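Reading through the structure tokens given below for one structure.
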Amino acid sequence: MPMASLSRWTMSYFAAALASLLAAELLMLAGFGYPAADLTEPATLIVVHVTAIGWLSLAVAGALLQFVPVLVARPLAMPWLALPALLAIVAGLVLLCAGFAALAGWADWPFELMPLAALGLFCGFLLLGVMLVATLLSARPVTLFAGFVLVGLACLAVTVLSGAAFATILSGRSAWLASVAPLPDGLRFHALLGFGGWLGLIAFGVSYRLLVMFMMAPELPARQVRLVLVFGGFGMGLAVAGLLAPATGIEIGAGFITMPLGALAVASAFYGRDILTLYRSRRRKALEINMLASIPAFAALGLGLPLLPIATAIGGWEPGIAALTFLLAFGWLGGLTLAQLVKIVSFMTWLETYASRLGRGPAPRVGDLVAMPRTGWWFALYYAGVAIAVAALAGGLASGFRLAMLPCLIGTAGIACELVRIRHLSEIKAEQRPSLHERPRLLLARADERRMPHADNRTAETSRA
Amino acid sequence: MPTTEPLKPRELDVRPALRGGEEPFQAIMDAVSALEPGQSLRLIAPFRPVPLFSVMANRGFAASDRAIGNGDWEVTFSPVAGEVDGTEGLALGSSPSAAFWGPPLQELDLCALEPPEPMVRILETLEALQPGDVLFALLAREPVFLFPELAKREHEWAGNFDESGATYRLLIRHGGGRAHG
């Protein structure tokens, strides 16, 4: 049935994600991790994983739980797994950070925390994957959009499994694993599959659909969009090969990472051309805040992804690679996610509150829920902080980087407050707000089960015939 | 088989069965299954079998009925040309009886509106219609968030994309759900 209801736990995913982003920014503001510590030191790894798993993965997961059913016009499969998945991922992340702290020697905790953390993350992402794959495959034929998500989920699987192997090695529990998967070489591919494959390819695929919807742009030809998936998928295949190469005894040079990165950069070039086409051909001329605030994110992608393979090919320029990685994680993925969160949260809140009232009295528009232009200023602060941070990282200015995290943090906190105000309908005139007990709850959508009487009849008829 | 001539309607008199206390539904369905393509079914019953009309409509048969005295009714169910598989090509969840809804009272072209505006307009328009009225709308995409709301308000719908896949065609019949709940 092409019915979509509200995903019950998506708001909880978003809340956990925003809390993680604020935590990561606070840590960086406090001078925790790179550049004060090395790229592969526990302090840096804590910041990286709070950002990658806590912030970006949970936000993307929450959005997918809401929009995969909408985009394939099928109900979410096994929706009761959403909460266990969230709890397992959060528990896994907390254990992982504790494990890194133990490795760093800050606390006298057992190293077994690491494989335990891997188990939690594995279970959480597995449940998430089961829900999404079952939903995607329930709609036939499998669309190009579903292809992006499926390849992204495959990258997530490899990322989680390789991460679990690293965690086991780091806990000192498997000399065998350590012998087949030398750690420092594998890390780059693990990171690339996580950021580029899971988060990146899914951001590509989802944005094609959402941009068409939000800007009323004409659909792009599938063969044009398929190029992005082909090159992106090829790049991720190379990354998997790079990850597995040590186990097979094949010697790959240190410069091998340039190849998957290069393929991803080609994919992003095609993607950038498509996004430009969508913006130019849009029928909705006035850009809403989510589309305006996405422009710096696309610019960050356009700058960061072509330069990253060049920086790795030159080799040895660690500050440059760190700066470009930060630009892609916080400018592109982070900025795009924050921008679309404003739209997703306001749309879901509007639907939850006003769907049953439409046609029966005055109802505000979705955009009325968002405080403008104030929300725009928070984004300006956030992106300004990211830009300064990138420059400081490239220039090796550790204190400049720390200072740059202040506008980032203030901007993020401002956006988080705006999202809470959207849930509380704070911008809506009192007479258009429903009574207190009917208002949206902050973290849990009122997703009542609705059935379709004549659809049930039809099934009964078919079985009788 | 009593019929050799395909256009001659098949007859079924359920009065004896009903007098004998039997439930004739299965016999009717068996008779329907045994129909030749294009063949009609003439049913004789001791009452006007209204519930059967929608069951048969779902199978692509139009009903015409007349009283034949003594409270008995003769109903002829004729296959509607090209509509035997009327639900073919319709989105899952579409009402199978949509082929018999009659012409729409109102038509809306909502292709140029940004979501969720089409949903707002359709629900507003429906509030002004009477039970049984039919509304036709053109949209740029499948209105997945509208369907649960239609079901909640007891409206029926049928929809699909046109051949080019660019426009979604939606037919909604006012189901008489409370207009102001």
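Scheme for the structure tokens: letters A, B, ... for chains in order shown; per-chain residue numbers from 1; ligand numbers from 1 in order shown.
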
Using only C-alpha atoms, select each residue of chain B with any atom at most 7 Å away from an atom of chain A, and give the selection as an mmCIF file with C-alpha atoms, in the first residue's frame.
data_model
loop_
_atom_site.group_PDB
_atom_site.id
_atom_site.type_symbol
_atom_site.label_atom_id
_atom_site.label_comp_id
_atom_site.auth_asym_id
_atom_site.auth_seq_id
_atom_site.Cartn_x
_atom_site.Cartn_y
_atom_site.Cartn_z
ATOM 1 C CA LEU B 92 -1.936 -0.898 -4.413
ATOM 2 C CA GLY B 93 -4.652 0.182 -1.993
ATOM 3 C CA SER B 94 -6.826 1.654 -4.743
ATOM 4 C CA SER B 95 -10.504 0.900 -4.496
ATOM 5 C CA GLU B 114 4.690 22.025 -3.666
ATOM 6 C CA VAL B 120 -4.325 20.452 1.761
ATOM 7 C CA LEU B 123 -8.891 17.582 1.803
ATOM 8 C CA GLU B 124 -10.382 21.089 1.693
ATOM 9 C CA GLU B 127 -15.046 18.782 2.906
ATOM 10 C CA VAL B 144 1.607 8.962 0.207
ATOM 11 C CA PHE B 145 0.769 11.110 3.226
ATOM 12 C CA PHE B 147 -3.812 8.150 1.743
ATOM 13 C CA PRO B 148 -3.874 7.469 5.508
ATOM 14 C CA GLU B 149 -5.879 10.661 5.960
ATOM 15 C CA ALA B 151 -8.746 6.212 4.936
ATOM 16 C CA LYS B 152 -9.305 7.853 8.314
ATOM 17 C CA HIS B 180 -16.716 17.986 10.739
#

Close residues, B:Arg42 itself excluded, 12 Å, only C-alpha atoms, min 6 positions apart in chain, as a ChimeraX atom specification: /B:7-14,28,31-32,35,61-66,73-79

So that I can check the secondary structure, give me every residue of stretch 236-332 of chain A assigned alpha helix (DSSP H) by backbone DSSP, as a PDB file with C-alpha atoms, in the first residue's frame.
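After the write, result_34.pdb holds the following:
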ATOM      1  CA  MET A 236      33.637   1.844  -2.734  1.00  0.00           C
ATOM      2  CA  GLY A 237      34.444  -1.522  -4.311  1.00  0.00           C
ATOM      3  CA  LEU A 238      38.067  -0.364  -4.594  1.00  0.00           C
ATOM      4  CA  ALA A 239      37.953   0.706  -0.943  1.00  0.00           C
ATOM      5  CA  VAL A 240      36.773  -2.768   0.076  1.00  0.00           C
ATOM      6  CA  ALA A 241      39.618  -4.243  -2.010  1.00  0.00           C
ATOM      7  CA  GLY A 242      42.076  -1.949  -0.236  1.00  0.00           C
ATOM      8  CA  LEU A 243      40.694  -3.010   3.128  1.00  0.00           C
ATOM      9  CA  LEU A 244      40.956  -6.724   2.336  1.00  0.00           C
ATOM     10  CA  ALA A 245      44.292  -6.587   0.505  1.00  0.00           C
ATOM     11  CA  PRO A 246      46.492  -7.203   3.604  1.00  0.00           C
ATOM     12  CA  ALA A 247      44.538 -10.366   4.420  1.00  0.00           C
ATOM     13  CA  THR A 248      45.215 -11.767   0.951  1.00  0.00           C
ATOM     14  CA  THR A 258      43.828   7.784  -4.100  1.00  0.00           C
ATOM     15  CA  MET A 259      42.002   5.443  -6.490  1.00  0.00           C
ATOM     16  CA  PRO A 260      38.731   4.953  -4.572  1.00  0.00           C
ATOM     17  CA  LEU A 261      38.841   8.629  -3.587  1.00  0.00           C
ATOM     18  CA  GLY A 262      39.327   9.572  -7.234  1.00  0.00           C
ATOM     19  CA  ALA A 263      36.341   7.454  -8.305  1.00  0.00           C
ATOM     20  CA  LEU A 264      34.224   9.074  -5.589  1.00  0.00           C
ATOM     21  CA  ALA A 265      35.390  12.499  -6.759  1.00  0.00           C
ATOM     22  CA  VAL A 266      34.268  11.651 -10.303  1.00  0.00           C
ATOM     23  CA  ALA A 267      30.888  10.546  -8.912  1.00  0.00           C
ATOM     24  CA  SER A 268      30.627  13.821  -6.986  1.00  0.00           C
ATOM     25  CA  ALA A 269      31.428  15.801 -10.139  1.00  0.00           C
ATOM     26  CA  PHE A 270      28.467  14.185 -11.929  1.00  0.00           C
ATOM     27  CA  TYR A 271      26.385  14.684  -8.795  1.00  0.00           C
ATOM     28  CA  GLY A 272      27.366  18.354  -8.586  1.00  0.00           C
ATOM     29  CA  ARG A 273      26.331  18.898 -12.189  1.00  0.00           C
ATOM     30  CA  ASP A 274      22.953  17.282 -11.436  1.00  0.00           C
ATOM     31  CA  ILE A 275      22.399  19.355  -8.291  1.00  0.00           C
ATOM     32  CA  LEU A 276      23.163  22.517 -10.245  1.00  0.00           C
ATOM     33  CA  THR A 277      20.627  21.421 -12.885  1.00  0.00           C
ATOM     34  CA  LEU A 278      17.998  20.833 -10.188  1.00  0.00           C
ATOM     35  CA  TYR A 279      18.571  24.264  -8.621  1.00  0.00           C
ATOM     36  CA  ARG A 280      18.426  25.965 -12.036  1.00  0.00           C
ATOM     37  CA  ILE A 289      15.856  27.802   4.468  1.00  0.00           C
ATOM     38  CA  ASN A 290      16.734  24.115   4.023  1.00  0.00           C
ATOM     39  CA  MET A 291      17.688  24.653   0.382  1.00  0.00           C
ATOM     40  CA  LEU A 292      19.532  27.908   1.096  1.00  0.00           C
ATOM     41  CA  ILE A 295      24.259  25.583  -0.716  1.00  0.00           C
ATOM     42  CA  PRO A 296      27.395  25.961   1.476  1.00  0.00           C
ATOM     43  CA  ALA A 297      27.268  22.184   2.034  1.00  0.00           C
ATOM     44  CA  PHE A 298      27.322  21.534  -1.707  1.00  0.00           C
ATOM     45  CA  ALA A 299      30.136  24.062  -2.061  1.00  0.00           C
ATOM     46  CA  ALA A 300      32.098  22.184   0.630  1.00  0.00           C
ATOM     47  CA  LEU A 301      31.607  18.969  -1.347  1.00  0.00           C
ATOM     48  CA  GLY A 302      32.682  20.661  -4.572  1.00  0.00           C
ATOM     49  CA  LEU A 303      35.834  21.974  -2.951  1.00  0.00           C
ATOM     50  CA  GLY A 304      36.723  19.100  -0.647  1.00  0.00           C
ATOM     51  CA  LEU A 305      36.178  15.935  -2.645  1.00  0.00           C
ATOM     52  CA  PRO A 306      38.213  16.867  -5.777  1.00  0.00           C
ATOM     53  CA  LEU A 307      41.101  18.100  -3.589  1.00  0.00           C
ATOM     54  CA  LEU A 308      41.208  15.123  -1.228  1.00  0.00           C
ATOM     55  CA  PRO A 309      42.553  12.565  -3.773  1.00  0.00           C
ATOM     56  CA  ILE A 310      45.129  15.155  -4.880  1.00  0.00           C
ATOM     57  CA  ALA A 311      46.216  15.704  -1.277  1.00  0.00           C
ATOM     58  CA  THR A 312      46.542  11.949  -0.664  1.00  0.00           C
ATOM     59  CA  ALA A 313      48.419  11.491  -3.965  1.00  0.00           C
ATOM     60  CA  ILE A 314      50.983  14.090  -2.948  1.00  0.00           C
ATOM     61  CA  GLU A 318      48.659  15.560   6.979  1.00  0.00           C
ATOM     62  CA  PRO A 319      47.212  18.985   7.925  1.00  0.00           C
ATOM     63  CA  GLY A 320      45.792  19.324   4.417  1.00  0.00           C
ATOM     64  CA  ILE A 321      44.172  15.900   4.510  1.00  0.00           C
ATOM     65  CA  ALA A 322      42.769  16.618   7.977  1.00  0.00           C
ATOM     66  CA  ALA A 323      41.396  19.985   6.838  1.00  0.00           C
ATOM     67  CA  LEU A 324      39.720  18.494   3.766  1.00  0.00           C
ATOM     68  CA  THR A 325      38.264  15.608   5.779  1.00  0.00           C
ATOM     69  CA  PHE A 326      36.874  18.080   8.322  1.00  0.00           C
TER      70      PHE A 326
END

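Here atom CA of A:Gly233 is placed at a distance of 25.8 Å from atom CA of A:Val50.
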
How far is it from atom CA of A:Ala30 to atom CA of A:Trp332, in Å with one decimal?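 Straight-line distance from atom CA of A:Ala30 to atom CA of A:Trp332 works out to 23.3 Å.
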
Env of B:Ala166: 7 Å cut, atoms = only C-alpha atoms, seq-sep filter 3 positions within chain, self excluded. Answer as a list in words.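 Final neighbour list, sorted by chain and number: Ala140, Phe161 and Asp162 of chain B.
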
Writing out the chosen residues with N, CA and C atoms as an mmCIF file, in the first residue's frame:
data_model
loop_
_atom_site.group_PDB
_atom_site.id
_atom_site.type_symbol
_atom_site.label_atom_id
_atom_site.label_comp_id
_atom_site.auth_asym_id
_atom_site.auth_seq_id
_atom_site.Cartn_x
_atom_site.Cartn_y
_atom_site.Cartn_z
ATOM 1 N N ALA B 140 1.826 15.867 -9.084
ATOM 2 C CA ALA B 140 3.171 15.624 -9.613
ATOM 3 C C ALA B 140 3.770 14.356 -9.022
ATOM 4 N N PHE B 161 0.028 6.397 -11.992
ATOM 5 C CA PHE B 161 0.760 7.344 -12.827
ATOM 6 C C PHE B 161 0.300 7.202 -14.271
ATOM 7 N N ASP B 162 0.359 8.284 -15.032
ATOM 8 C CA ASP B 162 0.039 8.181 -16.454
ATOM 9 C C ASP B 162 1.190 7.467 -17.172
#

So which residues touch A:Ala398 within 10 Å, counting only C-alpha atoms, skipping near sequence neighbours fewer than 2 positions away, as a list in words?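 Using only C-alpha atoms, the neighbours found are Gly31, Tyr34, Pro35, Ala36, Ala389, Ala392, Leu393, Ala394, Gly395, Gly396, Gly400, Phe401, Arg402, Leu403 and Ala404 of chain A.
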
For stretch 374-379 of chain A, work out the shell of residues within 8 Å, counting only C-alpha atoms and skipping chain neighbours fewer than 2 positions away, then give it as a PyMOL selection string. chain A and resi 289+293+370-372+381-383+410-412+414-415+418

Spatial neighbours of stretch 154-156 of chain B, 6 Å, only C-alpha atoms, chain gap at least 6 places, as a PyMOL selection string: chain B and resi 172-175+177
